[in-house]
Amino acid sequence: MLLAAGITFFGSVMFSSKAVLVKLAYQYEVTSAELLALRMGFALPFYAFFAFRERRKSKESGKRIARLDWLKIILLGIAGSYVASLLDFWGLQYISASFERLILFTYPTIVVLIGWILFGERLNKAQAVALLLTYSGIILAFVENLGGQQPNFLLGASLVFACAFVYASYLVGSGRLLPRIGTMRYTSIAMLSAAMAIFVHNGIQNGFDLFGFDQGVYFYAFLMAVLATVIPSFMISEGIRVIGSSNAGIIGSIGPISTIVLAYIFLNERLGLLQWLGTLLVIIGVLYISLSKSKKKRETISPPTVQSYDQAENPAARQ
């Protein structure tokens, strides 16, 4: 149990390094689309492996995916890992890695708001308190960042928040398909769809030649794909298997803090008092809403629908 908790902890820290790696890659001449395409190119063999394995399993079991479900999976995959990731990479051009992670960490609250506004789901007291804490924290961190020297800060923050919203929408849609399709099968198809969209986008915008970059660009793109996505996804999966998704989610709340520490070490980013206070409020709020959802799930037979933003970018993320 202790070993699984440690694996989950270090997997979460590795996941949280993505924003720092993106910022380091931006030291070189590379666009967001090119960097995202390179990252997906390094991760593509893993996606293809899982897709092939799930295809063989589905043939043996005789379980076929309906045409309408195919369309839904493809569209959700493109939204959740192409559109969301591109917005995230764009946003990181204008804001710090620490603040980016803080904004992204609000996605569970957005899922709750979507359910409340669009589907009429009741908002309980615990969720209301969690929402208040989370967005109070964002406002505090936002106010202090406004006083900084980052150009286009508002644009960057808006892009990353749009990423969190798109990803939350992906979770809501995925939750209705995952129980029928299966996590590995669903995710492998969704990620391959996103990969194709990313390659087409970059091809149209920058051409299909992904060679000729500085070696540093390939190095950081490889680390993003493998060290910050593939390897930790297996670690998180093992942690979820042993200690459960709720406990793994609580341990995963280390994400914003680990990003702040890594950004301090590698990017020389510094947080002010209001930013630290805002970070604390966001973490408490998200933990509160996650614990509230976990309690509600124990009282019902509803399948889990929420996974972390980073976990969803690899087919091995939930087994």
# chains A, B, ... in the order shown; residues from 1 in each chain; ligands from 1

call {"tool": "residues_around", "arguments": {"residues": "A:Phe15", "least_positions_apart": "4", "cutoff": "9 Å", "atoms": "only C-alpha atoms", "output": "mmCIF file with C-alpha atoms, in the first residue's frame"}}
result
data_model
loop_
_atom_site.group_PDB
_atom_site.id
_atom_site.type_symbol
_atom_site.label_atom_id
_atom_site.label_comp_id
_atom_site.auth_asym_id
_atom_site.auth_seq_id
_atom_site.Cartn_x
_atom_site.Cartn_y
_atom_site.Cartn_z
ATOM 1 C CA PHE A 10 6.043 10.346 -8.071
ATOM 2 C CA GLY A 11 3.824 9.658 -11.082
ATOM 3 C CA MET A 224 6.989 15.530 -22.605
ATOM 4 C CA LEU A 227 8.717 11.166 -18.984
ATOM 5 C CA ALA A 228 5.697 13.442 -18.468
ATOM 6 C CA THR A 229 2.995 11.242 -20.041
ATOM 7 C CA PRO A 232 3.781 8.228 -15.148
ATOM 8 C CA SER A 233 0.536 6.977 -16.687
ATOM 9 C CA GLY A 255 0.431 18.504 -8.938
ATOM 10 C CA ASP A 310 -2.619 14.576 -17.896
ATOM 11 C CA GLN A 311 -3.823 10.998 -17.407
#

call {"tool": "residues_around", "arguments": {"residues": "stretch 44-49 of chain A", "least_positions_apart": "4", "cutoff": "9 Å", "atoms": "only C-alpha atoms", "output": "JSON, numbers by chain"}}
result
{"A": [39, 40, 53, 54, 187, 188, 189, 191, 192, 195, 225, 230, 314, 315, 316]}

call {"tool": "write_last_selection", "arguments": {"atoms": "C-alpha atoms", "output": "mmCIF file, in the first residue's frame"}}
result
data_model
loop_
_atom_site.group_PDB
_atom_site.id
_atom_site.type_symbol
_atom_site.label_atom_id
_atom_site.label_comp_id
_atom_site.auth_asym_id
_atom_site.auth_seq_id
_atom_site.Cartn_x
_atom_site.Cartn_y
_atom_site.Cartn_z
ATOM 1 C CA ARG A 39 5.170 15.410 -28.606
ATOM 2 C CA MET A 40 2.378 13.375 -30.179
ATOM 3 C CA ARG A 53 -4.265 -4.664 -28.644
ATOM 4 C CA GLU A 54 -7.814 -3.470 -27.968
ATOM 5 C CA THR A 187 -8.911 6.205 -24.935
ATOM 6 C CA SER A 188 -6.749 4.605 -27.613
ATOM 7 C CA ILE A 189 -9.255 5.556 -30.332
ATOM 8 C CA MET A 191 -5.971 9.706 -28.705
ATOM 9 C CA LEU A 192 -5.271 8.438 -32.222
ATOM 10 C CA ALA A 195 -2.995 12.744 -33.069
ATOM 11 C CA ALA A 225 5.793 12.405 -24.383
ATOM 12 C CA VAL A 230 3.679 7.595 -20.830
ATOM 13 C CA ASN A 314 -2.305 8.395 -22.608
ATOM 14 C CA PRO A 315 -4.204 5.146 -23.160
ATOM 15 C CA ALA A 316 -2.572 3.537 -20.141
#

call {"tool": "residues_around", "arguments": {"residues": "A:Ala25", "least_positions_apart": "4", "cutoff": "9 Å", "atoms": "only C-alpha atoms", "output": "mmCIF file with N, CA and C atoms, in the first residue's frame"}}
result
data_model
loop_
_atom_site.group_PDB
_atom_site.id
_atom_site.type_symbol
_atom_site.label_atom_id
_atom_site.label_comp_id
_atom_site.auth_asym_id
_atom_site.auth_seq_id
_atom_site.Cartn_x
_atom_site.Cartn_y
_atom_site.Cartn_z
ATOM 1 N N VAL A 20 6.457 22.805 -17.357
ATOM 2 C CA VAL A 20 7.838 23.278 -17.268
ATOM 3 C C VAL A 20 8.608 22.899 -18.530
ATOM 4 N N LEU A 21 8.386 21.674 -19.019
ATOM 5 C CA LEU A 21 9.065 21.220 -20.236
ATOM 6 C C LEU A 21 8.638 22.037 -21.448
ATOM 7 N N GLU A 29 13.272 28.078 -31.328
ATOM 8 C CA GLU A 29 12.320 28.517 -32.352
ATOM 9 C C GLU A 29 11.404 27.355 -32.719
ATOM 10 N N VAL A 30 10.229 27.334 -32.107
ATOM 11 C CA VAL A 30 9.239 26.296 -32.378
ATOM 12 C C VAL A 30 7.863 26.859 -32.029
ATOM 13 N N LEU A 35 5.410 21.927 -31.674
ATOM 14 C CA LEU A 35 5.802 21.257 -30.433
ATOM 15 C C LEU A 35 4.794 20.173 -30.056
ATOM 16 N N GLY A 216 17.501 20.611 -28.824
ATOM 17 C CA GLY A 216 16.782 20.849 -27.572
ATOM 18 C C GLY A 216 15.279 20.681 -27.722
ATOM 19 N N VAL A 217 14.737 21.056 -28.886
ATOM 20 C CA VAL A 217 13.295 20.914 -29.124
ATOM 21 C C VAL A 217 12.901 19.438 -29.088
ATOM 22 N N TYR A 218 13.672 18.584 -29.768
ATOM 23 C CA TYR A 218 13.379 17.151 -29.774
ATOM 24 C C TYR A 218 13.548 16.558 -28.378
ATOM 25 N N PHE A 219 14.550 17.034 -27.669
ATOM 26 C CA PHE A 219 14.814 16.514 -26.327
ATOM 27 C C PHE A 219 13.626 16.786 -25.410
ATOM 28 N N TYR A 220 13.137 18.026 -25.402
ATOM 29 C CA TYR A 220 12.026 18.371 -24.515
ATOM 30 C C TYR A 220 10.711 17.757 -24.987
ATOM 31 N N ALA A 221 10.507 17.642 -26.286
ATOM 32 C CA ALA A 221 9.294 16.996 -26.801
ATOM 33 C C ALA A 221 9.271 15.518 -26.416
#

call {"tool": "closest_atom_pairs", "arguments": {"of": "stretch 184-274 of chain A", "to": "stretch 86-107 of chain A", "cutoff": "7 Å", "atoms": "only C-alpha atoms", "output": "tab-separated table"}}
result
residue	atom	partner	partner_atom	distance
A:Pro256	CA	A:Arg101	CA	5.6
A:Thr259	CA	A:Ser98	CA	5.8
A:Ile260	CA	A:Ser98	CA	4.9
A:Ala263	CA	A:Ala97	CA	6.5

call {"tool": "select_by_dssp", "arguments": {"residues": "stretch 27-109 of chain A", "states": "helix (DSSP H, G or I)", "output": "compact mmCIF listing (two decimals) with N, CA and C atoms, in the first residue's frame"}}
result
# COMPACT_ATOMS: atom_id res chain seq x y z
N SER A 32 3.65 26.43 -31.19
CA SER A 32 2.84 25.54 -30.35
C SER A 32 2.41 24.29 -31.12
N ALA A 33 1.97 24.49 -32.36
CA ALA A 33 1.50 23.36 -33.17
C ALA A 33 2.64 22.38 -33.46
N GLU A 34 3.82 22.91 -33.76
CA GLU A 34 4.97 22.05 -34.04
C GLU A 34 5.38 21.25 -32.80
N LEU A 35 5.41 21.93 -31.67
CA LEU A 35 5.80 21.26 -30.43
C LEU A 35 4.79 20.17 -30.06
N LEU A 36 3.52 20.48 -30.22
CA LEU A 36 2.48 19.50 -29.91
C LEU A 36 2.55 18.30 -30.86
N ALA A 37 2.84 18.58 -32.14
CA ALA A 37 2.97 17.50 -33.12
C ALA A 37 4.16 16.60 -32.80
N LEU A 38 5.27 17.21 -32.39
CA LEU A 38 6.45 16.42 -32.02
C LEU A 38 6.16 15.56 -30.80
N ARG A 39 5.52 16.17 -29.82
CA ARG A 39 5.17 15.41 -28.61
C ARG A 39 4.29 14.21 -28.95
N MET A 40 3.28 14.46 -29.80
CA MET A 40 2.38 13.37 -30.18
C MET A 40 3.10 12.34 -31.02
N GLY A 41 4.05 12.79 -31.84
CA GLY A 41 4.81 11.85 -32.66
C GLY A 41 5.60 10.87 -31.82
N PHE A 42 6.20 11.35 -30.73
CA PHE A 42 6.95 10.45 -29.84
C PHE A 42 6.01 9.52 -29.06
N ALA A 43 4.82 9.99 -28.76
CA ALA A 43 3.88 9.16 -27.99
C ALA A 43 3.04 8.24 -28.87
N LEU A 44 2.99 8.52 -30.17
CA LEU A 44 2.12 7.77 -31.08
C LEU A 44 2.33 6.26 -31.05
N PRO A 45 3.57 5.75 -31.01
CA PRO A 45 3.74 4.29 -30.96
C PRO A 45 3.02 3.63 -29.78
N PHE A 46 2.96 4.32 -28.66
CA PHE A 46 2.25 3.77 -27.49
C PHE A 46 0.75 3.74 -27.75
N TYR A 47 0.22 4.84 -28.33
CA TYR A 47 -1.19 4.87 -28.66
C TYR A 47 -1.55 3.75 -29.64
N ALA A 48 -0.70 3.59 -30.65
CA ALA A 48 -0.96 2.58 -31.68
C ALA A 48 -0.92 1.17 -31.08
N PHE A 49 0.01 0.94 -30.16
CA PHE A 49 0.10 -0.38 -29.52
C PHE A 49 -1.19 -0.72 -28.78
N PHE A 50 -1.69 0.23 -27.98
CA PHE A 50 -2.90 -0.03 -27.22
C PHE A 50 -4.12 -0.17 -28.14
N ALA A 51 -4.16 0.62 -29.21
CA ALA A 51 -5.27 0.52 -30.15
C ALA A 51 -5.28 -0.85 -30.81
N PHE A 52 -4.10 -1.34 -31.21
CA PHE A 52 -3.99 -2.65 -31.84
C PHE A 52 -4.40 -3.75 -30.88
N ARG A 53 -3.94 -3.65 -29.64
CA ARG A 53 -4.26 -4.66 -28.64
C ARG A 53 -5.76 -4.69 -28.36
N GLU A 54 -6.38 -3.53 -28.24
CA GLU A 54 -7.81 -3.47 -27.97
C GLU A 54 -8.63 -3.94 -29.16
N ARG A 55 -8.11 -3.72 -30.37
CA ARG A 55 -8.81 -4.20 -31.57
C ARG A 55 -8.86 -5.72 -31.58
N ARG A 56 -7.76 -6.35 -31.22
CA ARG A 56 -7.72 -7.81 -31.15
C ARG A 56 -8.68 -8.32 -30.09
N LYS A 57 -8.73 -7.68 -28.95
CA LYS A 57 -9.63 -8.09 -27.88
C LYS A 57 -11.08 -7.97 -28.30
N SER A 58 -11.40 -6.86 -29.00
CA SER A 58 -12.78 -6.65 -29.41
C SER A 58 -13.22 -7.67 -30.45
N LYS A 59 -12.29 -8.09 -31.32
CA LYS A 59 -12.62 -9.13 -32.29
C LYS A 59 -12.91 -10.45 -31.61
N GLU A 60 -12.11 -10.77 -30.60
CA GLU A 60 -12.30 -12.03 -29.88
C GLU A 60 -13.60 -12.04 -29.09
N SER A 61 -13.96 -10.89 -28.53
CA SER A 61 -15.18 -10.82 -27.72
C SER A 61 -16.43 -10.58 -28.56
N ARG A 67 -21.67 2.94 -35.14
CA ARG A 67 -21.13 4.04 -35.95
C ARG A 67 -21.26 5.38 -35.26
N LEU A 68 -22.40 5.61 -34.61
CA LEU A 68 -22.60 6.88 -33.91
C LEU A 68 -21.61 7.02 -32.76
N ASP A 69 -21.33 5.92 -32.08
CA ASP A 69 -20.35 5.96 -30.98
C ASP A 69 -18.95 6.23 -31.52
N TRP A 70 -18.62 5.67 -32.68
CA TRP A 70 -17.33 5.97 -33.32
C TRP A 70 -17.18 7.49 -33.52
N LEU A 71 -18.23 8.09 -34.05
CA LEU A 71 -18.20 9.54 -34.31
C LEU A 71 -18.03 10.33 -33.01
N LYS A 72 -18.76 9.92 -31.97
CA LYS A 72 -18.66 10.60 -30.69
C LYS A 72 -17.25 10.49 -30.10
N ILE A 73 -16.68 9.30 -30.17
CA ILE A 73 -15.34 9.08 -29.62
C ILE A 73 -14.32 9.95 -30.35
N ILE A 74 -14.41 9.97 -31.68
CA ILE A 74 -13.47 10.75 -32.48
C ILE A 74 -13.58 12.23 -32.16
N LEU A 75 -14.81 12.74 -32.10
CA LEU A 75 -15.01 14.17 -31.83
C LEU A 75 -14.56 14.53 -30.41
N LEU A 76 -14.87 13.67 -29.45
CA LEU A 76 -14.45 13.93 -28.07
C LEU A 76 -12.94 13.86 -27.94
N GLY A 77 -12.32 12.90 -28.64
CA GLY A 77 -10.87 12.78 -28.60
C GLY A 77 -10.19 14.02 -29.17
N ILE A 78 -10.73 14.51 -30.29
CA ILE A 78 -10.17 15.72 -30.91
C ILE A 78 -10.32 16.91 -29.97
N ALA A 79 -11.48 17.01 -29.30
CA ALA A 79 -11.70 18.12 -28.37
C ALA A 79 -10.80 18.00 -27.15
N GLY A 80 -10.77 16.80 -26.54
CA GLY A 80 -10.09 16.63 -25.27
C GLY A 80 -8.58 16.66 -25.33
N SER A 81 -7.99 16.18 -26.42
CA SER A 81 -6.53 16.12 -26.47
C SER A 81 -5.90 16.94 -27.58
N TYR A 82 -6.69 17.36 -28.56
CA TYR A 82 -6.14 18.24 -29.60
C TYR A 82 -6.46 19.69 -29.27
N VAL A 83 -7.74 20.02 -29.19
CA VAL A 83 -8.13 21.40 -28.92
C VAL A 83 -7.64 21.84 -27.54
N ALA A 84 -7.88 21.02 -26.52
CA ALA A 84 -7.48 21.39 -25.16
C ALA A 84 -5.97 21.55 -25.06
N SER A 85 -5.21 20.60 -25.61
CA SER A 85 -3.75 20.68 -25.53
C SER A 85 -3.21 21.88 -26.28
N LEU A 86 -3.79 22.18 -27.45
CA LEU A 86 -3.32 23.32 -28.23
C LEU A 86 -3.57 24.62 -27.48
N LEU A 87 -4.75 24.74 -26.86
CA LEU A 87 -5.05 25.93 -26.06
C LEU A 87 -4.07 26.06 -24.90
N ASP A 88 -3.74 24.93 -24.29
CA ASP A 88 -2.80 24.91 -23.18
C ASP A 88 -1.41 25.36 -23.63
N PHE A 89 -0.94 24.81 -24.74
CA PHE A 89 0.38 25.18 -25.25
C PHE A 89 0.43 26.65 -25.65
N TRP A 90 -0.64 27.14 -26.26
CA TRP A 90 -0.72 28.56 -26.62
C TRP A 90 -0.63 29.43 -25.36
N GLY A 91 -1.43 29.05 -24.37
CA GLY A 91 -1.46 29.83 -23.14
C GLY A 91 -0.12 29.91 -22.45
N ALA A 97 4.41 28.71 -15.82
CA ALA A 97 4.03 27.30 -15.69
C ALA A 97 3.23 27.09 -14.40
N SER A 98 3.59 27.80 -13.34
CA SER A 98 2.91 27.65 -12.06
C SER A 98 1.44 28.08 -12.15
N PHE A 99 1.20 29.24 -12.77
CA PHE A 99 -0.17 29.73 -12.87
C PHE A 99 -0.98 28.88 -13.85
N GLU A 100 -0.32 28.38 -14.88
CA GLU A 100 -1.01 27.48 -15.83
C GLU A 100 -1.56 26.25 -15.12
N ARG A 101 -0.72 25.64 -14.27
CA ARG A 101 -1.15 24.44 -13.57
C ARG A 101 -2.28 24.75 -12.60
N LEU A 102 -2.23 25.92 -11.99
CA LEU A 102 -3.27 26.33 -11.04
C LEU A 102 -4.61 26.46 -11.75
N ILE A 103 -4.62 27.07 -12.94
CA ILE A 103 -5.87 27.22 -13.69
C ILE A 103 -6.39 25.85 -14.14
N LEU A 104 -5.50 25.02 -14.67
CA LEU A 104 -5.92 23.70 -15.15
C LEU A 104 -6.51 22.86 -14.03
N TYR A 107 -10.42 22.06 -13.27
CA TYR A 107 -11.35 21.35 -14.15
C TYR A 107 -12.43 20.55 -13.41
N PRO A 108 -12.17 19.95 -12.20
CA PRO A 108 -13.27 19.25 -11.52
C PRO A 108 -14.43 20.17 -11.16
N THR A 109 -14.12 21.44 -10.83
CA THR A 109 -15.19 22.37 -10.50
C THR A 109 -15.99 22.73 -11.75

call {"tool": "residues_around", "arguments": {"residues": "A:Ile254", "least_positions_apart": "5", "cutoff": "8 Å", "atoms": "only C-alpha atoms", "output": "count of residues only"}}
result
3

call {"tool": "residues_around", "arguments": {"residues": "A:Glu238", "least_positions_apart": "3", "cutoff": "8 Å", "atoms": "only C-alpha atoms", "output": "PyMOL selection string"}}
result
chain A and resi 4+7-8+234-235+241-242

call {"tool": "atom_distance", "arguments": {"atom1": "atom CA of A:Phe222", "atom2": "atom CA of A:Ala190"}}
result
20.9 Å

call {"tool": "closest_residue", "arguments": {"among": "A:Met14, A:Ala168, A:Leu291, A:Leu281", "to": "A:Leu131", "atoms": "only C-alpha atoms"}}
result
A:Leu281

call {"tool": "atom_distance", "arguments": {"atom1": "atom CA of A:Ala194", "atom2": "atom CA of A:Ser169"}}
result
15.4 Å

call {"tool": "closest_residue", "arguments": {"among": "A:Thr134, A:Asn268, A:Ile283, A:Val111", "to": "A:Lys23", "atoms": "only C-alpha atoms"}}
result
A:Asn268

call {"tool": "decode", "arguments": {"residues": "stretch 176-215 of chain A", "atoms": "N, CA and C atoms", "output": "short mmCIF file (atom, residue, chain, number, x, y, z; two decimals), in the first residue's frame"}}
result
data_model
loop_
_atom_site.label_atom_id
_atom_site.label_comp_id
_atom_site.auth_asym_id
_atom_site.auth_seq_id
_atom_site.Cartn_x
_atom_site.Cartn_y
_atom_site.Cartn_z
N ARG A 176 -20.28 9.26 -20.41
CA ARG A 176 -21.46 8.57 -20.93
C ARG A 176 -21.09 7.44 -21.89
N LEU A 177 -19.84 7.41 -22.34
CA LEU A 177 -19.39 6.37 -23.28
C LEU A 177 -18.48 5.33 -22.64
N LEU A 178 -17.65 5.74 -21.69
CA LEU A 178 -16.66 4.84 -21.10
C LEU A 178 -17.25 3.54 -20.54
N PRO A 179 -18.38 3.59 -19.81
CA PRO A 179 -18.90 2.34 -19.27
C PRO A 179 -19.25 1.31 -20.34
N ARG A 180 -19.67 1.78 -21.51
CA ARG A 180 -20.06 0.86 -22.59
C ARG A 180 -18.88 0.43 -23.46
N ILE A 181 -17.95 1.35 -23.70
CA ILE A 181 -16.86 1.09 -24.63
C ILE A 181 -15.67 0.44 -23.93
N GLY A 182 -15.40 0.85 -22.71
CA GLY A 182 -14.21 0.39 -22.00
C GLY A 182 -13.12 1.45 -22.08
N THR A 183 -12.41 1.66 -20.98
CA THR A 183 -11.45 2.76 -20.90
C THR A 183 -10.32 2.66 -21.90
N MET A 184 -9.66 1.49 -21.95
CA MET A 184 -8.50 1.35 -22.82
C MET A 184 -8.89 1.50 -24.29
N ARG A 185 -9.99 0.87 -24.65
CA ARG A 185 -10.46 0.92 -26.04
C ARG A 185 -10.86 2.34 -26.42
N TYR A 186 -11.63 2.96 -25.54
CA TYR A 186 -12.10 4.32 -25.79
C TYR A 186 -10.93 5.29 -25.94
N THR A 187 -10.00 5.23 -24.96
CA THR A 187 -8.91 6.21 -24.93
C THR A 187 -7.96 6.05 -26.10
N SER A 188 -7.67 4.81 -26.50
CA SER A 188 -6.75 4.61 -27.61
C SER A 188 -7.32 5.18 -28.91
N ILE A 189 -8.62 5.00 -29.13
CA ILE A 189 -9.25 5.56 -30.33
C ILE A 189 -9.27 7.08 -30.26
N ALA A 190 -9.64 7.61 -29.10
CA ALA A 190 -9.72 9.06 -28.93
C ALA A 190 -8.36 9.72 -29.14
N MET A 191 -7.30 9.10 -28.59
CA MET A 191 -5.97 9.71 -28.70
C MET A 191 -5.41 9.62 -30.12
N LEU A 192 -5.70 8.53 -30.83
CA LEU A 192 -5.27 8.44 -32.22
C LEU A 192 -5.99 9.48 -33.08
N SER A 193 -7.26 9.71 -32.79
CA SER A 193 -8.02 10.75 -33.51
C SER A 193 -7.40 12.12 -33.27
N ALA A 194 -7.05 12.38 -32.00
CA ALA A 194 -6.43 13.65 -31.66
C ALA A 194 -5.07 13.80 -32.37
N ALA A 195 -4.31 12.70 -32.42
CA ALA A 195 -2.99 12.74 -33.07
C ALA A 195 -3.13 13.12 -34.54
N MET A 196 -4.09 12.51 -35.23
CA MET A 196 -4.29 12.83 -36.64
C MET A 196 -4.66 14.29 -36.82
N ALA A 197 -5.52 14.82 -35.93
CA ALA A 197 -5.93 16.22 -36.02
C ALA A 197 -4.72 17.15 -35.81
N ILE A 198 -3.87 16.79 -34.86
CA ILE A 198 -2.68 17.60 -34.57
C ILE A 198 -1.73 17.62 -35.77
N PHE A 199 -1.51 16.45 -36.37
CA PHE A 199 -0.60 16.37 -37.51
C PHE A 199 -1.14 17.15 -38.71
N VAL A 200 -2.46 17.06 -38.95
CA VAL A 200 -3.07 17.80 -40.06
C VAL A 200 -2.96 19.30 -39.81
N HIS A 201 -3.28 19.73 -38.59
CA HIS A 201 -3.18 21.16 -38.24
C HIS A 201 -1.78 21.68 -38.48
N ASN A 202 -0.79 20.97 -37.94
CA ASN A 202 0.58 21.43 -38.10
C ASN A 202 1.01 21.40 -39.56
N GLY A 203 0.53 20.39 -40.30
CA GLY A 203 0.88 20.30 -41.72
C GLY A 203 0.37 21.49 -42.51
N ILE A 204 -0.87 21.89 -42.21
CA ILE A 204 -1.47 23.04 -42.90
C ILE A 204 -0.77 24.34 -42.49
N GLN A 205 -0.48 24.48 -41.21
CA GLN A 205 0.09 25.72 -40.70
C GLN A 205 1.59 25.85 -40.98
N ASN A 206 2.33 24.76 -40.78
CA ASN A 206 3.79 24.84 -40.84
C ASN A 206 4.43 23.90 -41.85
N GLY A 207 3.64 23.12 -42.55
CA GLY A 207 4.20 22.10 -43.42
C GLY A 207 4.38 20.79 -42.66
N PHE A 208 4.55 19.72 -43.38
CA PHE A 208 4.60 18.40 -42.76
C PHE A 208 6.02 17.97 -42.37
N ASP A 209 6.96 18.84 -42.55
CA ASP A 209 8.34 18.52 -42.20
C ASP A 209 8.61 18.86 -40.74
N LEU A 210 8.85 17.83 -39.92
CA LEU A 210 9.13 18.03 -38.51
C LEU A 210 10.60 17.80 -38.20
N PHE A 211 11.42 17.96 -39.23
CA PHE A 211 12.87 17.82 -39.04
C PHE A 211 13.51 19.21 -39.13
N GLY A 212 14.72 19.31 -38.67
CA GLY A 212 15.46 20.56 -38.79
C GLY A 212 15.39 21.47 -37.58
N PHE A 213 14.74 21.03 -36.51
CA PHE A 213 14.71 21.84 -35.31
C PHE A 213 16.01 21.67 -34.53
N ASP A 214 16.21 22.57 -33.58
CA ASP A 214 17.34 22.43 -32.66
C ASP A 214 17.17 21.15 -31.85
N GLN A 215 18.27 20.53 -31.49
CA GLN A 215 18.22 19.28 -30.73
C GLN A 215 17.44 19.43 -29.43
#
